[in-house]
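Undergrad: So I've got this file, target.cif, and it contains mmCIF, C-alpha atoms:
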data_target
#
loop_
_atom_site.group_PDB
_atom_site.id
_atom_site.type_symbol
_atom_site.label_atom_id
_atom_site.label_comp_id
_atom_site.auth_asym_id
_atom_site.auth_seq_id
_atom_site.Cartn_x
_atom_site.Cartn_y
_atom_site.Cartn_z
ATOM 1 C CA MET A 153 49.193 124.038 94.428
ATOM 2 C CA ASN A 154 52.852 125.089 94.553
ATOM 3 C CA PRO A 155 54.421 123.942 91.233
ATOM 4 C CA VAL A 156 57.925 123.444 92.673
ATOM 5 C CA LEU A 157 56.744 121.331 95.591
ATOM 6 C CA GLU A 158 54.350 119.469 93.324
ATOM 7 C CA LYS A 159 57.282 118.590 91.042
ATOM 8 C CA ILE A 160 59.513 117.504 93.946
ATOM 9 C CA TYR A 161 56.894 115.321 95.608
ATOM 10 C CA ARG A 162 55.223 113.923 92.495
ATOM 11 C CA HIS A 163 54.829 110.171 92.881
ATOM 12 C CA PRO A 164 52.248 107.732 91.480
ATOM 13 C CA GLU A 165 51.249 106.561 94.963
ATOM 14 C CA LEU A 166 50.435 110.053 96.250
ATOM 15 C CA SER A 167 46.863 111.204 95.787
ATOM 16 C CA HIS A 168 46.123 114.840 94.996
ATOM 17 C CA LYS A 169 44.786 115.296 98.561
ATOM 18 C CA VAL A 170 47.883 113.764 100.193
ATOM 19 C CA LEU A 171 50.153 115.808 97.938
ATOM 20 C CA GLN A 172 48.337 118.973 99.030
ATOM 21 C CA ASP A 173 48.673 117.939 102.706
ATOM 22 C CA ILE A 174 52.428 117.483 102.199
ATOM 23 C CA ILE A 175 52.770 120.843 100.469
ATOM 24 C CA ASP A 176 50.778 122.568 103.220
ATOM 25 C CA THR A 177 53.350 121.541 105.861
ATOM 26 C CA HIS A 178 56.092 123.600 104.176
ATOM 27 C CA THR A 179 56.966 127.162 105.128
ATOM 28 C CA LYS A 180 58.498 129.667 102.713
ATOM 29 C CA VAL A 181 62.000 130.795 103.699
ATOM 30 C CA VAL A 182 64.213 133.333 101.925
ATOM 31 C CA PHE A 183 68.002 133.332 102.215
ATOM 32 C CA ALA A 184 70.309 136.111 101.047
ATOM 33 C CA LYS A 185 73.519 135.344 99.190
ATOM 34 C CA GLY A 186 76.078 134.159 101.743
ATOM 35 C CA ASP A 187 73.525 133.089 104.378
ATOM 36 C CA SER A 188 74.133 129.799 106.151
ATOM 37 C CA LEU A 189 71.409 127.159 106.018
ATOM 38 C CA LEU A 190 73.330 124.715 108.230
ATOM 39 C CA SER A 191 76.786 124.880 109.801
ATOM 40 C CA GLU A 192 79.304 122.237 110.809
ATOM 41 C CA GLY A 193 78.557 120.945 114.302
ATOM 42 C CA ASP A 194 74.842 121.770 114.125
ATOM 43 C CA MET A 195 72.027 119.240 114.043
ATOM 44 C CA ALA A 196 69.738 119.358 111.003
ATOM 45 C CA ASN A 197 66.113 119.701 112.094
ATOM 46 C CA GLU A 198 64.602 120.463 108.688
ATOM 47 C CA TYR A 199 65.269 120.268 104.994
ATOM 48 C CA TYR A 200 64.614 122.721 102.184
ATOM 49 C CA CYS A 201 63.007 122.416 98.772
ATOM 50 C CA MET A 202 64.605 124.935 96.420
ATOM 51 C CA GLU A 203 62.289 127.209 94.462
ATOM 52 C CA SER A 204 64.974 129.548 93.166
ATOM 53 C CA GLY A 205 68.652 130.224 93.670
ATOM 54 C CA PHE A 206 71.652 128.014 94.352
ATOM 55 C CA VAL A 207 73.167 126.508 97.502
ATOM 56 C CA ARG A 208 76.574 124.934 98.018
ATOM 57 C CA SER A 209 77.523 122.315 100.589
ATOM 58 C CA PHE A 210 81.132 122.027 101.695
ATOM 59 C CA ALA A 211 83.370 120.492 104.332
ATOM 60 C CA ILE A 212 86.665 121.660 105.778
ATOM 61 C CA CYS A 213 89.480 119.189 105.058
ATOM 62 C CA SER A 214 92.331 118.356 107.464
ATOM 63 C CA GLU A 215 94.521 121.027 105.826
ATOM 64 C CA GLY A 216 91.871 123.679 106.548
ATOM 65 C CA ASP A 217 90.624 124.170 102.981
ATOM 66 C CA ASP A 218 86.942 124.099 102.166
ATOM 67 C CA ILE A 219 85.994 121.421 99.667
ATOM 68 C CA THR A 220 82.669 121.608 97.835
ATOM 69 C CA THR A 221 80.594 118.458 98.366
ATOM 70 C CA GLY A 222 77.470 119.461 96.464
ATOM 71 C CA PHE A 223 75.429 122.063 94.633
ATOM 72 C CA TYR A 224 71.657 122.475 94.822
ATOM 73 C CA GLY A 225 69.413 124.385 92.451
ATOM 74 C CA PRO A 226 65.727 124.899 91.693
ATOM 75 C CA SER A 227 63.433 121.907 92.310
ATOM 76 C CA GLU A 228 66.086 120.085 94.363
ATOM 77 C CA ILE A 229 66.083 119.169 98.037
ATOM 78 C CA VAL A 230 68.785 120.628 100.274
ATOM 79 C CA ILE A 231 69.275 118.076 103.023
ATOM 80 C CA GLU A 232 72.001 116.683 105.232
ATOM 81 C CA VAL A 233 70.673 113.137 105.395
ATOM 82 C CA ALA A 234 72.980 111.758 108.103
ATOM 83 C CA SER A 235 72.362 114.648 110.471
ATOM 84 C CA ILE A 236 68.595 114.842 110.088
ATOM 85 C CA PHE A 237 67.810 111.119 110.134
ATOM 86 C CA LEU A 238 70.612 109.726 112.322
ATOM 87 C CA ARG A 239 70.427 112.748 114.674
ATOM 88 C CA ILE A 240 74.155 113.490 114.595
ATOM 89 C CA PRO A 241 75.916 116.848 114.210
ATOM 90 C CA THR A 242 76.801 117.619 110.612
ATOM 91 C CA LYS A 243 80.334 117.799 109.266
ATOM 92 C CA GLU A 244 79.147 119.891 106.332
ATOM 93 C CA ASN A 245 78.194 123.511 105.822
ATOM 94 C CA PHE A 246 75.358 124.655 103.557
ATOM 95 C CA GLN A 247 75.525 128.218 102.221
ATOM 96 C CA ALA A 248 73.464 130.250 99.764
ATOM 97 C CA LEU A 249 75.494 131.033 96.625
ATOM 98 C CA THR A 250 72.751 133.423 95.487
ATOM 99 C CA ASP A 251 69.588 134.840 96.974
ATOM 100 C CA CYS A 252 67.337 131.802 97.461
ATOM 101 C CA THR A 253 63.673 131.088 97.944
ATOM 102 C CA CYS A 254 63.073 127.757 99.644
ATOM 103 C CA TRP A 255 60.266 125.774 101.220
ATOM 104 C CA LYS A 256 61.198 124.344 104.631
ATOM 105 C CA ILE A 257 59.737 121.261 106.268
ATOM 106 C CA LYS A 258 60.580 120.431 109.874
ATOM 107 C CA LEU A 259 61.701 116.922 110.800
ATOM 108 C CA GLU A 260 58.726 116.328 113.109
ATOM 109 C CA ASP A 261 56.298 117.289 110.323
ATOM 110 C CA PHE A 262 58.123 115.032 107.867
ATOM 111 C CA GLN A 263 57.998 112.110 110.314
ATOM 112 C CA GLN A 264 54.283 112.613 110.964
ATOM 113 C CA LEU A 265 53.567 112.654 107.227
ATOM 114 C CA PHE A 266 55.818 109.647 106.644
ATOM 115 C CA GLU A 267 53.885 107.613 109.211
ATOM 116 C CA SER A 268 50.373 108.797 108.399
ATOM 117 C CA LYS A 269 50.049 109.644 104.701
ATOM 118 C CA LYS A 270 49.529 106.824 102.248
ATOM 119 C CA GLY A 271 52.213 106.831 99.583
ATOM 120 C CA PHE A 272 54.574 109.271 101.309
ATOM 121 C CA SER A 273 56.866 106.512 102.561
ATOM 122 C CA GLU A 274 57.049 105.176 98.989
ATOM 123 C CA TRP A 275 57.991 108.634 97.754
ATOM 124 C CA GLY A 276 60.693 108.760 100.459
ATOM 125 C CA ARG A 277 62.132 105.390 99.488
ATOM 126 C CA SER A 278 62.147 106.360 95.822
ATOM 127 C CA TRP A 279 63.815 109.713 96.544
ATOM 128 C CA MET A 280 66.429 108.116 98.827
ATOM 129 C CA SER A 281 67.300 105.412 96.293
ATOM 130 C CA GLY A 282 67.761 108.144 93.662
ATOM 131 C CA ILE A 283 70.092 110.062 95.979
ATOM 132 C CA LEU A 284 72.090 106.911 96.780
ATOM 133 C CA PHE A 285 72.420 106.163 93.067
ATOM 134 C CA MET A 286 73.648 109.695 92.296
ATOM 135 C CA SER A 287 76.113 109.555 95.187
ATOM 136 C CA LYS A 288 77.526 106.256 93.927
ATOM 137 C CA GLN A 289 77.778 107.613 90.369
ATOM 138 C CA ARG A 290 79.649 110.688 91.655
ATOM 139 C CA SER A 291 82.073 108.503 93.640
ATOM 140 C CA LEU A 292 82.744 106.342 90.592
ATOM 141 C CA SER A 293 83.107 109.377 88.337
ATOM 142 C CA MET A 294 85.794 110.819 90.623
ATOM 143 C CA ILE A 295 87.766 107.585 90.090
ATOM 144 C CA THR A 296 87.018 106.615 86.490
ATOM 145 C CA ASP A 297 86.318 109.855 84.580
ATOM 146 C CA SER A 298 88.813 112.451 83.475
ATOM 147 C CA ALA A 299 88.557 115.977 84.859
ATOM 148 C CA THR A 300 87.173 117.116 81.490
ATOM 149 C CA GLU A 301 84.492 114.417 81.577
ATOM 150 C CA ARG A 302 83.501 115.456 85.119
ATOM 151 C CA TYR A 303 83.290 119.089 84.007
ATOM 152 C CA LEU A 304 81.149 118.197 80.976
ATOM 153 C CA SER A 305 78.821 116.161 83.205
ATOM 154 C CA LEU A 306 78.397 119.122 85.549
ATOM 155 C CA LEU A 307 77.788 121.371 82.545
ATOM 156 C CA LYS A 308 75.072 118.987 81.331
ATOM 157 C CA GLU A 309 73.432 118.173 84.675
ATOM 158 C CA GLN A 310 73.658 121.502 86.510
ATOM 159 C CA PRO A 311 74.458 124.264 83.997
ATOM 160 C CA GLY A 312 73.200 127.006 86.329
ATOM 161 C CA ILE A 313 75.986 126.245 88.780
ATOM 162 C CA LEU A 314 78.586 127.341 86.253
ATOM 163 C CA HIS A 315 77.016 130.812 86.161
ATOM 164 C CA HIS A 316 76.585 131.253 89.923
ATOM 165 C CA ALA A 317 79.414 129.429 91.695
ATOM 166 C CA PRO A 318 82.942 130.809 91.903
ATOM 167 C CA LEU A 319 85.463 128.776 89.911
ATOM 168 C CA LYS A 320 87.327 127.762 93.082
ATOM 169 C CA HIS A 321 84.162 126.041 94.399
ATOM 170 C CA ILE A 322 83.549 124.270 91.095
ATOM 171 C CA ALA A 323 87.192 123.154 90.992
ATOM 172 C CA THR A 324 87.098 121.594 94.474
ATOM 173 C CA TYR A 325 83.818 119.854 93.599
ATOM 174 C CA LEU A 326 85.468 118.358 90.505
ATOM 175 C CA GLY A 327 88.594 117.430 92.473
ATOM 176 C CA ILE A 328 90.919 119.653 90.441
ATOM 177 C CA THR A 329 92.831 122.916 90.797
ATOM 178 C CA ASP A 330 91.547 126.310 89.661
ATOM 179 C CA THR A 331 94.248 126.334 86.981
ATOM 180 C CA SER A 332 93.177 122.949 85.606
ATOM 181 C CA LEU A 333 89.548 124.090 85.538
ATOM 182 C CA SER A 334 90.478 127.233 83.594
ATOM 183 C CA ARG A 335 92.382 125.121 81.063
ATOM 184 C CA ILE A 336 89.486 122.666 80.696
ATOM 185 C CA ARG A 337 86.963 125.474 80.247
ATOM 186 C CA LYS A 338 89.143 127.046 77.571
ATOM 187 C CA GLU A 339 89.496 123.725 75.701
ATOM 188 C CA VAL A 340 85.776 122.950 75.953
ATOM 189 C CA SER A 341 84.752 126.415 74.731
ATOM 190 C CA LYS A 342 86.868 125.894 71.586
ATOM 191 C CA GLU A 343 84.933 122.688 70.827
ATOM 192 C CA PHE A 344 81.492 124.293 71.081
#
Before we go any further, please render this structure as structure tokens.
TA:
Amino acid sequence: MNPVLEKIYRHPELSHKVLQDIIDTHTKVVFAKGDSLLSEGDMANEYYCMESGFVRSFAICSEGDDITTGFYGPSEIVIEVASIFLRIPTKENFQALTDCTCWKIKLEDFQQLFESKKGFSEWGRSWMSGILFMSKQRSLSMITDSATERYLSLLKEQPGILHHAPLKHIATYLGITDTSLSRIRKEVSKEF
């Protein structure tokens, strides 16, 4: 059994057999650094489970700058939820920050599993509620936490990003300038 997929899909309501059936529907995909997984205007027809590497999602703001909306690393799911489930073109771009190994599942395979495999819908609800919670926490953090607190949270929750993402992408994700990020990093490194 694939350890990454087993970790991602682990749920008390999924039997070993059902878990193996879910894992068997995935196809290994390799992306090179800089490859696009999904581009603005496209419709998402699959999602990816990360085995190795890092992916960044971003959107282009009204001024034409790209703003990082998310980072994805090993054992995380790279998905554009609105596009894949609401069947609308995405406003985001997803790009490999490093060489990546992923496991892809097509929407039609996901839907078939969701409808036919006992426990898979419970896994889906649990995963989606976790994603909604994290999204809400990020929104609140952007309002209530200082830039330094947001940086320290990223350092704690996704330390690999700090080694693989350019500072300009990290800065836009944190809602600050490159200069502010450099200052914060300098101050934080003195404390540790």
Undergrad: Might you spell out which residues the PyMOL selection byres ((chain A and resi 310-320) around 8) would select in the displayed file, as JSON, numbers by chain?
TA: {"A": [206, 223, 225, 249, 250, 306, 307, 308, 309, 321, 322, 323, 324, 329, 330, 333]}
Undergrad: For Ser332 in chain A, work out the shell of residues within 10 Å, counting all atoms listed in the file and skipping chain neighbours fewer than 6 positions away, then give it as an NGL selection string.
TA: :A and (299-300 or 323 or 338)
Undergrad: Since we have the selection now, will you write its residues out, keeping C-alpha atoms, as a PDB file, in the frame of the given file?
TA:
ATOM      1  CA  ALA A 299      88.557 115.977  84.859  1.00  0.00           C
ATOM      2  CA  THR A 300      87.173 117.116  81.490  1.00  0.00           C
ATOM      3  CA  ALA A 323      87.192 123.154  90.992  1.00  0.00           C
ATOM      4  CA  LYS A 338      89.143 127.046  77.571  1.00  0.00           C
TER       5      LYS A 338
END
Undergrad: Report the residues retrieved by the PyMOL selection byres ((chain A and resi 243) around 10) from the displayed file, expressed as a PyMOL selection string.
TA: chain A and resi 190-195+210-212+232+234-235+240-242+244-245
Undergrad: Just checking: using all atoms listed in the file, which residue out of A:Trp279, A:Glu203, A:Leu166, A:Ser209 ends up closest to Asn154 in chain A?
TA: A:Glu203
Undergrad: Please evaluate the PyMOL selection byres ((chain A and resi 153) around 10) against the structure above and give the resulting residues as a ChimeraX atom specification.
TA: /A:154-158,168,171-172,175-176
